[in-house]
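Some notes on the structure that comes next.
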Amino acid sequence: MDVLKRVPVREQEPKVRATNFAEVCYGYNEQEAIEEANRCLGCKNAKCVQGCPVNVNIPEFIGAVKKGNFAEAADIIALSSALPAVCGRVCPQENQCEGKCIRGIKGEAISIGKLERFVADWSRENGFVPKTVEVKNGKKVAVIGSGPAGLTCAGDLAKWGYDVTIFEALHEPGGVLTYGIPEFRLPKEAVVQPEIENVRKLGVTIETNVIVGKSVTIDQLMDDEGFEAVFIGSGAGLPKFMGIPGESANGVYSANEYLTRSNLMKAFREDYDTPITSSQKVVVVGGGNVAMDAARTALRLGAEVHIVYRRSEAELPARAEEVHHAKEEGVIFDLLNNPVEILTDDKGWVKGVVVRKIELGEPDESGRRRPVEVAGSDFEIEADTVIMALGTSPNPLISSTTEGLEINQRQCILAEEATGQTSRAGVFAGGDAVTGAATVILAMEAGKIGAKGIHEYLSQK
Ligand SMILES: Cc1cc2nc3c(=O)[nH]c(=O)nc-3n(C[C@H](O)[C@H](O)[C@H](O)COP(=O)(O)OP(=O)(O)OC[C@H]3O[C@@H](n4cnc5c(N)ncnc54)[C@H](O)[C@@H]3O)c2cc1C
Ligand code: SF4
């Protein structure tokens with residue numbers, strides 16, 4: 001065994017997986033997990049932990065895996081994370097724990113994410129149940145939204161004895177984990193639902209089909225229904241568009257709508273009667289994780305897929321692993337190009353996209369080289385479907401129906417970094433609703449901070 005190299009993880013063959021929605025990565029088996037864990041140096045001052053927003057005790061859980069004591073490893077992770085099977089699959093570990101791993105200096109960092117995923121899957125398959133709290137403190141807290149921020153906040157508060165109800169607008173809980181990230185990266189029935197069930201088992205009630213701001217307001221929850229504090233974890237689900245001609249044509253989707261139709265409404269399954277347009281040639285605009293997910297979904301639904309992105313490969317914001325997987329599966333990358341018009345046929349359906357070539361100029365305020373359009377370089381890409389994956393912002397419904405709740409120009413709720421406290425007494429917020437579109441683990445960190453903030457607020461009340 002070469003200790004400088006990772007134990008490779010088994011995956012579905014690219015050609016096979018491009019035609020199905022089953023999970024791409026198989027994960028480690030027991031023997032592979034122990035072998036990979038044995039590469040860990042068990043550092044005293046572990047840099048990997050500093051890179052984890054929820055501070056999972058990584059050397060300790062990996063130490064337990066080394067001994068083959070997977071239940072102990074699961075207990076250690078459960079102290080910090082309510083969603084380990086999710087995080088092990090979708091966290092950008094290369095920029096976080098693994099990015100800081102000492103092993104990574106001379107060789108390959110420990111596969112911390114794959115080990116976390118192994119432990120979480122093992123514990124689920126072996127009936128591991130999180131410890132619950134018997135004694136309630138009689139205080140009611142409402143959580144708005146059941147994404148990673150809301151679930152984490154609710155789970156922590158329930159462990160401390162609070163009576164927590166999550167109000168979720170959609171008919172299924174989970175937020176982006178359920179409606180955004182596709183099945184082939186994050187299986188719903190096998191992985192997401194059991195982790196949500198674990199939060200329920202802590203005593204949390206989840207009420208679906210409740211749109212706060214329409215079905216009930218925050219003031220009604222606090223004044224009429226006895227909730228002493230509220231955590232807003234409503235995410236950033238409002239899609240952005242380019243504002244180019246033809247964008248309202250039939251066959252233009254936001255990535256959010258396209259993915260929701262596939263993931264939540266199961267358009268990819270033949271036994272569901274909520275179908276999606278059957279496309280031959282799809283253009284996905286954008287270069288982030290959402291663009292990769294939309295492109296790989298369209299590919300699996302049988303289309304030829306082009307990603308059109310205005311910068312170069314070095315600037316693609318998506319995780320390197322997702323770009324690599326998309327390429328292996330046959331997604332075509334048309335980089336340094338920007339759509340300027342969507343062409344339609346006489347019935348108003350998309351028939352192509354006019355694209356202008358781009359050159360990279362001087363770096364802008366984000367440090368990335370600024371895209372500069374090349375005059376006279378327009379060309380057409382034939383397409384019957386266009387998916388816009390340009391980012392999202394928080395929906396203004398809650399801020400517009402809650403007096404005194406301050407937001408910034410990007411519609412994000414203003415909340416104190418250390419506590420999650422908003423401008424309204426007793427109202428806390430975190431996750432994408434505060435930061436704009438970010439990551440699962442940052443939303444979980446914000447959920448933890450919000451839970452602590454609420455606990456301190458209610459303890460002093
Ligand atoms: C397609 C896609 C792929 C992604 N891939 C990754 C990835 O690989 N890795 C990663 O770390 N991150 C990824 N992200 C980002 C990550 O999923 C989000 O940052 C994270 O889910 C934010 O969590 P949240 O709890 O703040 O919000 P969300 O997950 O958005 O959950 C918010 C919930 O609140 C509900 N809600 C909204 N308004 C109301 C209301 N008025 N009343 C009641 N409920 C309401 C929504 O229905 C939703 O269920 C991806 C995002 C998308 C869209
Ligand atoms: S930094 Fe790397 S080697 Fe050290 S404890 Fe963390 S995972 Fe193990």
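Labels for the structure tokens follow display order: chains A, B, ..., residues from 1 in each chain, ligands from 1.
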**Message:** Let me see if you get this right: every residue at most 6 Å from ligand 1, counting only C-alpha atoms and all ligand atoms, written as number ranges by chain.
**Reply:** A: 90-92, 144-150, 167-170, 173-177, 180-181, 210-213, 233-237, 289-290, 293, 398, 431-433, 437-441, 443
Based on the selection just made, write N, CA and C atoms of those residues as a CSV table (one decimal), in the first residue's frame.
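For reference, result_37.csv as written:
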```
chain,number,residue,atom,x,y,z
A,90,VAL,N,-21.8,15.4,-0.7
A,90,VAL,CA,-21.9,16.7,-1.5
A,90,VAL,C,-21.0,17.8,-1.0
A,91,CYS,N,-20.4,17.7,0.2
A,91,CYS,CA,-19.6,18.8,0.7
A,91,CYS,C,-18.3,19.0,-0.2
A,92,PRO,N,-17.9,20.3,-0.4
A,92,PRO,CA,-16.7,20.6,-1.2
A,92,PRO,C,-15.5,20.3,-0.3
A,144,ILE,N,-38.4,27.8,10.0
A,144,ILE,CA,-39.0,28.0,8.6
A,144,ILE,C,-38.1,27.4,7.6
A,145,GLY,N,-38.5,26.3,6.9
A,145,GLY,CA,-37.7,25.7,5.9
A,145,GLY,C,-37.0,24.4,6.5
A,146,SER,N,-37.0,23.4,5.6
A,146,SER,CA,-36.5,22.1,6.1
A,146,SER,C,-35.2,21.7,5.3
A,147,GLY,N,-34.5,22.7,4.8
A,147,GLY,CA,-33.2,22.4,4.2
A,147,GLY,C,-32.1,22.1,5.3
A,148,PRO,N,-30.9,22.0,4.9
A,148,PRO,CA,-29.8,21.7,5.9
A,148,PRO,C,-29.7,22.7,7.0
A,149,ALA,N,-30.0,24.0,6.8
A,149,ALA,CA,-30.0,25.0,7.9
A,149,ALA,C,-31.1,24.7,8.9
A,150,GLY,N,-32.3,24.6,8.4
A,150,GLY,CA,-33.5,24.3,9.3
A,150,GLY,C,-33.4,23.0,10.0
A,167,PHE,N,-41.8,24.4,9.6
A,167,PHE,CA,-42.8,24.7,8.6
A,167,PHE,C,-42.1,24.7,7.2
A,168,GLU,N,-42.6,23.8,6.4
A,168,GLU,CA,-42.0,23.7,5.0
A,168,GLU,C,-43.0,23.9,3.9
A,169,ALA,N,-42.6,24.8,3.0
A,169,ALA,CA,-43.6,25.2,1.9
A,169,ALA,C,-43.9,24.0,1.0
A,170,LEU,N,-42.9,23.2,0.7
A,170,LEU,CA,-43.2,22.1,-0.3
A,170,LEU,C,-43.8,20.9,0.4
A,173,PRO,N,-40.0,17.4,2.8
A,173,PRO,CA,-38.9,18.1,3.5
A,173,PRO,C,-37.5,17.9,2.8
A,174,GLY,N,-36.6,18.7,3.2
A,174,GLY,CA,-35.2,18.5,2.7
A,174,GLY,C,-34.6,19.6,2.0
A,175,GLY,N,-35.4,20.6,1.5
A,175,GLY,CA,-34.9,21.7,0.7
A,175,GLY,C,-34.2,21.3,-0.5
A,176,VAL,N,-33.0,21.9,-0.8
A,176,VAL,CA,-32.3,21.6,-2.0
A,176,VAL,C,-31.8,20.1,-2.0
A,177,LEU,N,-31.7,19.5,-0.9
A,177,LEU,CA,-31.2,18.1,-0.8
A,177,LEU,C,-32.3,17.2,-1.5
A,180,GLY,N,-33.3,19.8,-5.4
A,180,GLY,CA,-32.2,20.4,-6.2
A,180,GLY,C,-31.2,19.3,-6.7
A,181,ILE,N,-30.5,18.8,-5.7
A,181,ILE,CA,-29.3,17.9,-6.0
A,181,ILE,C,-29.9,16.6,-6.6
A,210,VAL,N,-46.8,24.3,4.2
A,210,VAL,CA,-47.1,25.6,4.9
A,210,VAL,C,-46.1,26.6,4.4
A,211,ILE,N,-46.7,27.6,3.7
A,211,ILE,CA,-45.8,28.7,3.2
A,211,ILE,C,-45.9,29.9,4.1
A,212,VAL,N,-44.8,30.0,4.9
A,212,VAL,CA,-44.8,31.2,5.9
A,212,VAL,C,-44.7,32.5,5.1
A,213,GLY,N,-45.7,33.4,5.4
A,213,GLY,CA,-45.8,34.6,4.6
A,213,GLY,C,-47.1,34.6,3.8
A,233,GLY,N,-34.9,29.6,7.9
A,233,GLY,CA,-33.9,28.9,7.0
A,233,GLY,C,-34.5,28.6,5.7
A,234,SER,N,-35.0,29.7,5.1
A,234,SER,CA,-35.9,29.5,3.9
A,234,SER,C,-35.1,29.5,2.6
A,235,GLY,N,-33.7,29.5,2.6
A,235,GLY,CA,-32.9,29.3,1.4
A,235,GLY,C,-33.0,30.5,0.5
A,236,ALA,N,-32.4,30.2,-0.7
A,236,ALA,CA,-32.4,31.2,-1.8
A,236,ALA,C,-32.9,30.5,-3.1
A,237,GLY,N,-34.2,30.5,-3.2
A,237,GLY,CA,-34.8,29.7,-4.3
A,237,GLY,C,-35.3,30.5,-5.5
A,289,ASN,N,-22.2,24.2,-9.7
A,289,ASN,CA,-22.7,22.9,-9.4
A,289,ASN,C,-24.1,22.7,-10.0
A,290,VAL,N,-24.9,23.8,-9.9
A,290,VAL,CA,-26.3,23.7,-10.4
A,290,VAL,C,-26.3,23.4,-11.9
A,293,ASP,N,-25.4,19.8,-12.5
A,293,ASP,CA,-26.5,18.9,-12.1
A,293,ASP,C,-27.6,18.9,-13.2
A,398,ILE,N,-41.0,36.2,2.8
A,398,ILE,CA,-41.0,36.3,4.3
A,398,ILE,C,-40.6,37.8,4.7
A,431,GLY,N,-28.2,30.3,6.8
A,431,GLY,CA,-28.2,29.5,5.6
A,431,GLY,C,-28.3,30.4,4.4
A,432,ASP,N,-28.7,29.9,3.2
A,432,ASP,CA,-28.8,30.7,2.0
A,432,ASP,C,-29.6,31.9,2.1
A,433,ALA,N,-30.6,31.9,3.0
A,433,ALA,CA,-31.5,33.0,3.2
A,433,ALA,C,-30.8,34.3,3.6
A,437,ALA,N,-26.9,32.0,-2.3
A,437,ALA,CA,-26.6,30.6,-2.6
A,437,ALA,C,-25.2,30.3,-2.1
A,438,ALA,N,-25.1,29.2,-1.3
A,438,ALA,CA,-23.7,28.8,-0.7
A,438,ALA,C,-23.6,27.3,-0.7
A,439,THR,N,-23.3,26.7,0.4
A,439,THR,CA,-23.1,25.3,0.4
A,439,THR,C,-23.9,24.6,1.6
A,440,VAL,N,-24.1,23.3,1.5
A,440,VAL,CA,-24.8,22.6,2.5
A,440,VAL,C,-24.2,22.7,3.9
A,441,ILE,N,-22.8,22.6,3.9
A,441,ILE,CA,-22.2,22.6,5.2
A,441,ILE,C,-22.2,24.0,5.9
A,443,ALA,N,-24.6,26.1,5.4
A,443,ALA,CA,-26.0,26.2,5.9
A,443,ALA,C,-26.2,25.5,7.3
```
Can you tell me which residues surround Leu83 in chain A at a distance of at most 12 Å, considering only C-alpha atoms, apart from same-chain residues fewer than 5 positions away, and format the answer as a short mmCIF file (atom, residue, chain, number, x, y, z; two decimals) with C-alpha atoms, in the first residue's frame?
```cif
data_model
loop_
_atom_site.label_atom_id
_atom_site.label_comp_id
_atom_site.auth_asym_id
_atom_site.auth_seq_id
_atom_site.Cartn_x
_atom_site.Cartn_y
_atom_site.Cartn_z
CA VAL A 54 -19.23 22.18 11.93
CA VAL A 56 -16.48 17.20 13.23
CA ALA A 74 -20.97 7.26 13.99
CA ILE A 77 -19.79 12.33 13.96
CA ALA A 78 -23.34 12.62 15.36
CA GLY A 88 -20.02 12.85 2.87
CA ARG A 89 -21.49 13.01 -0.63
CA VAL A 90 -21.89 16.69 -1.51
CA CYS A 91 -19.55 18.81 0.66
CA GLU A 116 -17.72 10.05 6.58
CA ARG A 117 -20.07 8.70 3.95
CA VAL A 119 -19.65 5.56 8.45
CA ALA A 120 -23.03 7.22 7.84
CA ASP A 121 -24.12 4.51 5.38
CA ARG A 124 -27.98 3.55 8.67
CA PRO A 130 -29.41 8.99 17.44
CA GLY A 147 -33.17 22.41 4.20
CA PRO A 148 -29.82 21.72 5.88
CA ALA A 149 -29.97 25.00 7.88
CA GLY A 150 -33.47 24.35 9.26
CA LEU A 151 -32.90 20.63 9.93
CA THR A 152 -29.65 21.29 11.78
CA CYS A 153 -31.10 24.13 13.85
CA GLY A 155 -32.11 18.96 15.59
CA GLY A 174 -35.20 18.46 2.70
CA LEU A 177 -31.24 18.11 -0.80
CA LEU A 186 -27.65 12.13 -3.59
CA VAL A 191 -29.90 8.65 1.98
CA VAL A 192 -31.81 11.93 2.39
CA GLN A 193 -35.06 10.60 3.85
CA PRO A 194 -33.41 8.47 6.57
CA GLU A 195 -31.34 11.48 7.73
CA ILE A 196 -34.54 13.59 7.88
CA GLU A 197 -36.17 10.72 9.81
CA ASN A 198 -33.31 10.89 12.33
CA VAL A 199 -34.14 14.57 12.93
CA VAL A 440 -24.81 22.56 2.52
CA ILE A 441 -22.17 22.61 5.24
CA ALA A 443 -26.02 26.23 5.93
CA MET A 444 -25.57 23.56 8.62
CA GLU A 445 -23.03 25.74 10.44
#
```
**Env. residues ligand 2 / 12 Å / only C-alpha atoms and all ligand atoms / as a ChimeraX atom specification** = /A:3-4,6,36-52,55-63,65-66,93-94,96-116
Restricting it to C-alpha atoms, dump the selection as a PDB file, in the first residue's frame.
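Below is the file that was written, out_11.pdb:
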```pdb
ATOM      1  CA  VAL A   3       0.464   5.706   2.011  1.00  0.00           C
ATOM      2  CA  LEU A   4       0.781   8.810  -0.166  1.00  0.00           C
ATOM      3  CA  ARG A   6      -5.793   7.379  -1.613  1.00  0.00           C
ATOM      4  CA  GLU A  36      -7.911   4.505   3.898  1.00  0.00           C
ATOM      5  CA  ALA A  37      -8.324   5.311   7.624  1.00  0.00           C
ATOM      6  CA  ASN A  38      -4.914   3.767   8.274  1.00  0.00           C
ATOM      7  CA  ARG A  39      -3.319   6.520   6.155  1.00  0.00           C
ATOM      8  CA  CYS A  40      -4.500   9.123   8.699  1.00  0.00           C
ATOM      9  CA  LEU A  41      -1.777  10.365  11.036  1.00  0.00           C
ATOM     10  CA  GLY A  42      -4.246  11.122  13.847  1.00  0.00           C
ATOM     11  CA  CYS A  43      -2.728  14.611  14.202  1.00  0.00           C
ATOM     12  CA  LYS A  44      -2.937  16.217  17.688  1.00  0.00           C
ATOM     13  CA  ASN A  45      -3.490  19.705  16.328  1.00  0.00           C
ATOM     14  CA  ALA A  46      -5.625  18.465  13.438  1.00  0.00           C
ATOM     15  CA  LYS A  47      -5.828  21.012  10.639  1.00  0.00           C
ATOM     16  CA  CYS A  48      -8.657  19.056   8.991  1.00  0.00           C
ATOM     17  CA  VAL A  49     -10.992  19.925  11.907  1.00  0.00           C
ATOM     18  CA  GLN A  50     -10.224  23.631  11.457  1.00  0.00           C
ATOM     19  CA  GLY A  51     -11.357  23.257   7.841  1.00  0.00           C
ATOM     20  CA  CYS A  52     -14.743  21.770   8.811  1.00  0.00           C
ATOM     21  CA  ASN A  55     -15.966  20.946  13.548  1.00  0.00           C
ATOM     22  CA  VAL A  56     -16.483  17.199  13.231  1.00  0.00           C
ATOM     23  CA  ASN A  57     -13.772  15.492  15.333  1.00  0.00           C
ATOM     24  CA  ILE A  58     -12.164  13.975  12.247  1.00  0.00           C
ATOM     25  CA  PRO A  59      -9.062  12.265  13.752  1.00  0.00           C
ATOM     26  CA  GLU A  60     -11.220  10.644  16.438  1.00  0.00           C
ATOM     27  CA  PHE A  61     -13.826   9.254  14.052  1.00  0.00           C
ATOM     28  CA  ILE A  62     -11.146   8.074  11.639  1.00  0.00           C
ATOM     29  CA  GLY A  63      -9.352   6.482  14.623  1.00  0.00           C
ATOM     30  CA  VAL A  65     -12.762   3.414  11.724  1.00  0.00           C
ATOM     31  CA  LYS A  66      -9.139   2.199  11.909  1.00  0.00           C
ATOM     32  CA  GLN A  93     -14.150  18.707   0.998  1.00  0.00           C
ATOM     33  CA  GLU A  94     -11.285  19.656  -1.317  1.00  0.00           C
ATOM     34  CA  GLN A  96     -12.413  22.374   3.511  1.00  0.00           C
ATOM     35  CA  CYS A  97     -11.215  19.441   5.679  1.00  0.00           C
ATOM     36  CA  GLU A  98      -9.302  17.655   2.901  1.00  0.00           C
ATOM     37  CA  GLY A  99      -7.837  20.949   1.675  1.00  0.00           C
ATOM     38  CA  LYS A 100      -6.152  21.332   5.084  1.00  0.00           C
ATOM     39  CA  CYS A 101      -5.137  17.693   5.650  1.00  0.00           C
ATOM     40  CA  ILE A 102      -1.431  17.291   6.528  1.00  0.00           C
ATOM     41  CA  ARG A 103      -1.209  14.170   4.362  1.00  0.00           C
ATOM     42  CA  GLY A 104      -2.020  16.415   1.389  1.00  0.00           C
ATOM     43  CA  ILE A 105       1.317  18.257   1.672  1.00  0.00           C
ATOM     44  CA  LYS A 106       3.424  15.409   0.272  1.00  0.00           C
ATOM     45  CA  GLY A 107       0.772  13.095  -1.122  1.00  0.00           C
ATOM     46  CA  GLU A 108      -3.009  12.849  -1.466  1.00  0.00           C
ATOM     47  CA  ALA A 109      -5.181  14.140   1.382  1.00  0.00           C
ATOM     48  CA  ILE A 110      -7.147  11.549   3.371  1.00  0.00           C
ATOM     49  CA  SER A 111     -10.542  10.865   1.728  1.00  0.00           C
ATOM     50  CA  ILE A 112     -12.371  12.312   4.733  1.00  0.00           C
ATOM     51  CA  GLY A 113     -15.640  12.760   2.842  1.00  0.00           C
ATOM     52  CA  LYS A 114     -15.693   9.181   1.587  1.00  0.00           C
ATOM     53  CA  LEU A 115     -14.917   7.914   5.133  1.00  0.00           C
ATOM     54  CA  GLU A 116     -17.720  10.054   6.583  1.00  0.00           C
TER      55      GLU A 116
END
```
**Counting only C-alpha atoms, the option among A:Val282, A:Val427, A:Val252, A:Ala318 closest to Gly404 in chain A** = A:Val427
Cut-off 12 Å: closest range 1-26 of chain A/range 320-331 of chain A atom pairs per residue, using only C-alpha atoms, as a Markdown table:
```
| residue | atom | partner | partner_atom | distance |
| --- | --- | --- | --- | --- |
| A:Glu11 | CA | A:His325 | CA | 10.3 |
| A:Gln12 | CA | A:His325 | CA | 10.6 |
| A:Glu13 | CA | A:Glu329 | CA | 8.9 |
| A:Pro14 | CA | A:Glu329 | CA | 5.1 |
| A:Lys15 | CA | A:Glu329 | CA | 6.2 |
| A:Val16 | CA | A:Glu329 | CA | 8.7 |
| A:Arg17 | CA | A:Glu329 | CA | 7.5 |
| A:Ala18 | CA | A:Glu329 | CA | 5.4 |
| A:Thr19 | CA | A:Glu329 | CA | 9.1 |
| A:Asn20 | CA | A:Glu329 | CA | 11.1 |
| A:Val24 | CA | A:His325 | CA | 8.8 |
| A:Cys25 | CA | A:His325 | CA | 10.3 |
```
Store the residues picked out above, limited to N, CA and C atoms, as an mmCIF file, in the first residue's frame.
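The new file part.cif reads:
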```cif
data_model
loop_
_atom_site.group_PDB
_atom_site.id
_atom_site.type_symbol
_atom_site.label_atom_id
_atom_site.label_comp_id
_atom_site.auth_asym_id
_atom_site.auth_seq_id
_atom_site.Cartn_x
_atom_site.Cartn_y
_atom_site.Cartn_z
ATOM 1 N N GLU A 11 -16.744 3.437 -8.882
ATOM 2 C CA GLU A 11 -17.833 4.241 -9.467
ATOM 3 C C GLU A 11 -18.493 3.470 -10.598
ATOM 4 N N GLN A 12 -19.718 3.863 -10.944
ATOM 5 C CA GLN A 12 -20.354 3.299 -12.147
ATOM 6 C C GLN A 12 -19.580 3.740 -13.372
ATOM 7 N N GLU A 13 -19.471 2.897 -14.368
ATOM 8 C CA GLU A 13 -18.813 3.252 -15.631
ATOM 9 C C GLU A 13 -19.515 4.467 -16.262
ATOM 10 N N PRO A 14 -18.748 5.442 -16.787
ATOM 11 C CA PRO A 14 -19.368 6.650 -17.350
ATOM 12 C C PRO A 14 -20.441 6.364 -18.407
ATOM 13 N N LYS A 15 -20.151 5.422 -19.327
ATOM 14 C CA LYS A 15 -21.114 5.181 -20.416
ATOM 15 C C LYS A 15 -22.416 4.593 -19.892
ATOM 16 N N VAL A 16 -22.301 3.758 -18.868
ATOM 17 C CA VAL A 16 -23.496 3.127 -18.296
ATOM 18 C C VAL A 16 -24.280 4.154 -17.500
ATOM 19 N N ARG A 17 -23.560 4.909 -16.630
ATOM 20 C CA ARG A 17 -24.285 5.819 -15.729
ATOM 21 C C ARG A 17 -24.932 6.984 -16.467
ATOM 22 N N ALA A 18 -24.404 7.319 -17.689
ATOM 23 C CA ALA A 18 -25.003 8.418 -18.453
ATOM 24 C C ALA A 18 -26.422 8.080 -18.887
ATOM 25 N N THR A 19 -26.831 6.823 -18.715
ATOM 26 C CA THR A 19 -28.172 6.423 -19.137
ATOM 27 C C THR A 19 -29.070 6.052 -17.964
ATOM 28 N N ASN A 20 -28.595 6.251 -16.727
ATOM 29 C CA ASN A 20 -29.457 5.917 -15.597
ATOM 30 C C ASN A 20 -29.313 6.950 -14.474
ATOM 31 N N VAL A 24 -23.729 7.548 -8.832
ATOM 32 C CA VAL A 24 -22.487 7.419 -9.596
ATOM 33 C C VAL A 24 -21.417 6.695 -8.772
ATOM 34 N N CYS A 25 -21.268 7.147 -7.518
ATOM 35 C CA CYS A 25 -20.168 6.649 -6.682
ATOM 36 C C CYS A 25 -20.679 5.532 -5.767
#
```
**Prompt:** What are the DSSP alpha helix (DSSP H) residues of range 83-159 of chain A, as number ranges by chain?
**Reply:** A: 84-90, 97-100, 103-106, 112-125, 148-159
Can you write just those residues out, C-alpha atoms, as a JSON list (two decimals), in the first residue's frame?
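Listing of selection-v7.json after writing:
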```
[["chain", "number", "residue", "atom", "x", "y", "z"],
["A", 84, "PRO", "CA", -23.33, 12.91, 7.61],
["A", 85, "ALA", "CA", -24.46, 10.74, 4.67],
["A", 86, "VAL", "CA", -25.41, 13.94, 2.82],
["A", 87, "CYS", "CA", -22.21, 15.84, 3.71],
["A", 88, "GLY", "CA", -20.02, 12.85, 2.87],
["A", 89, "ARG", "CA", -21.49, 13.01, -0.63],
["A", 90, "VAL", "CA", -21.89, 16.69, -1.51],
["A", 97, "CYS", "CA", -11.21, 19.44, 5.68],
["A", 98, "GLU", "CA", -9.30, 17.66, 2.90],
["A", 99, "GLY", "CA", -7.84, 20.95, 1.68],
["A", 100, "LYS", "CA", -6.15, 21.33, 5.08],
["A", 103, "ARG", "CA", -1.21, 14.17, 4.36],
["A", 104, "GLY", "CA", -2.02, 16.41, 1.39],
["A", 105, "ILE", "CA", 1.32, 18.26, 1.67],
["A", 106, "LYS", "CA", 3.42, 15.41, 0.27],
["A", 112, "ILE", "CA", -12.37, 12.31, 4.73],
["A", 113, "GLY", "CA", -15.64, 12.76, 2.84],
["A", 114, "LYS", "CA", -15.69, 9.18, 1.59],
["A", 115, "LEU", "CA", -14.92, 7.91, 5.13],
["A", 116, "GLU", "CA", -17.72, 10.05, 6.58],
["A", 117, "ARG", "CA", -20.07, 8.70, 3.95],
["A", 118, "PHE", "CA", -18.99, 5.13, 4.71],
["A", 119, "VAL", "CA", -19.65, 5.56, 8.45],
["A", 120, "ALA", "CA", -23.03, 7.22, 7.84],
["A", 121, "ASP", "CA", -24.12, 4.51, 5.38],
["A", 122, "TRP", "CA", -22.88, 1.75, 7.69],
["A", 123, "SER", "CA", -24.75, 3.18, 10.67],
["A", 124, "ARG", "CA", -27.98, 3.55, 8.67],
["A", 125, "GLU", "CA", -27.74, 0.02, 7.30],
["A", 148, "PRO", "CA", -29.82, 21.72, 5.88],
["A", 149, "ALA", "CA", -29.97, 25.00, 7.88],
["A", 150, "GLY", "CA", -33.47, 24.35, 9.26],
["A", 151, "LEU", "CA", -32.90, 20.63, 9.93],
["A", 152, "THR", "CA", -29.65, 21.29, 11.78],
["A", 153, "CYS", "CA", -31.10, 24.13, 13.85],
["A", 154, "ALA", "CA", -34.18, 22.05, 14.71],
["A", 155, "GLY", "CA", -32.11, 18.96, 15.59],
["A", 156, "ASP", "CA", -29.81, 20.87, 17.97],
["A", 157, "LEU", "CA", -32.73, 22.65, 19.69],
["A", 158, "ALA", "CA", -34.61, 19.35, 20.11],
["A", 159, "LYS", "CA", -31.51, 17.78, 21.71]]
```
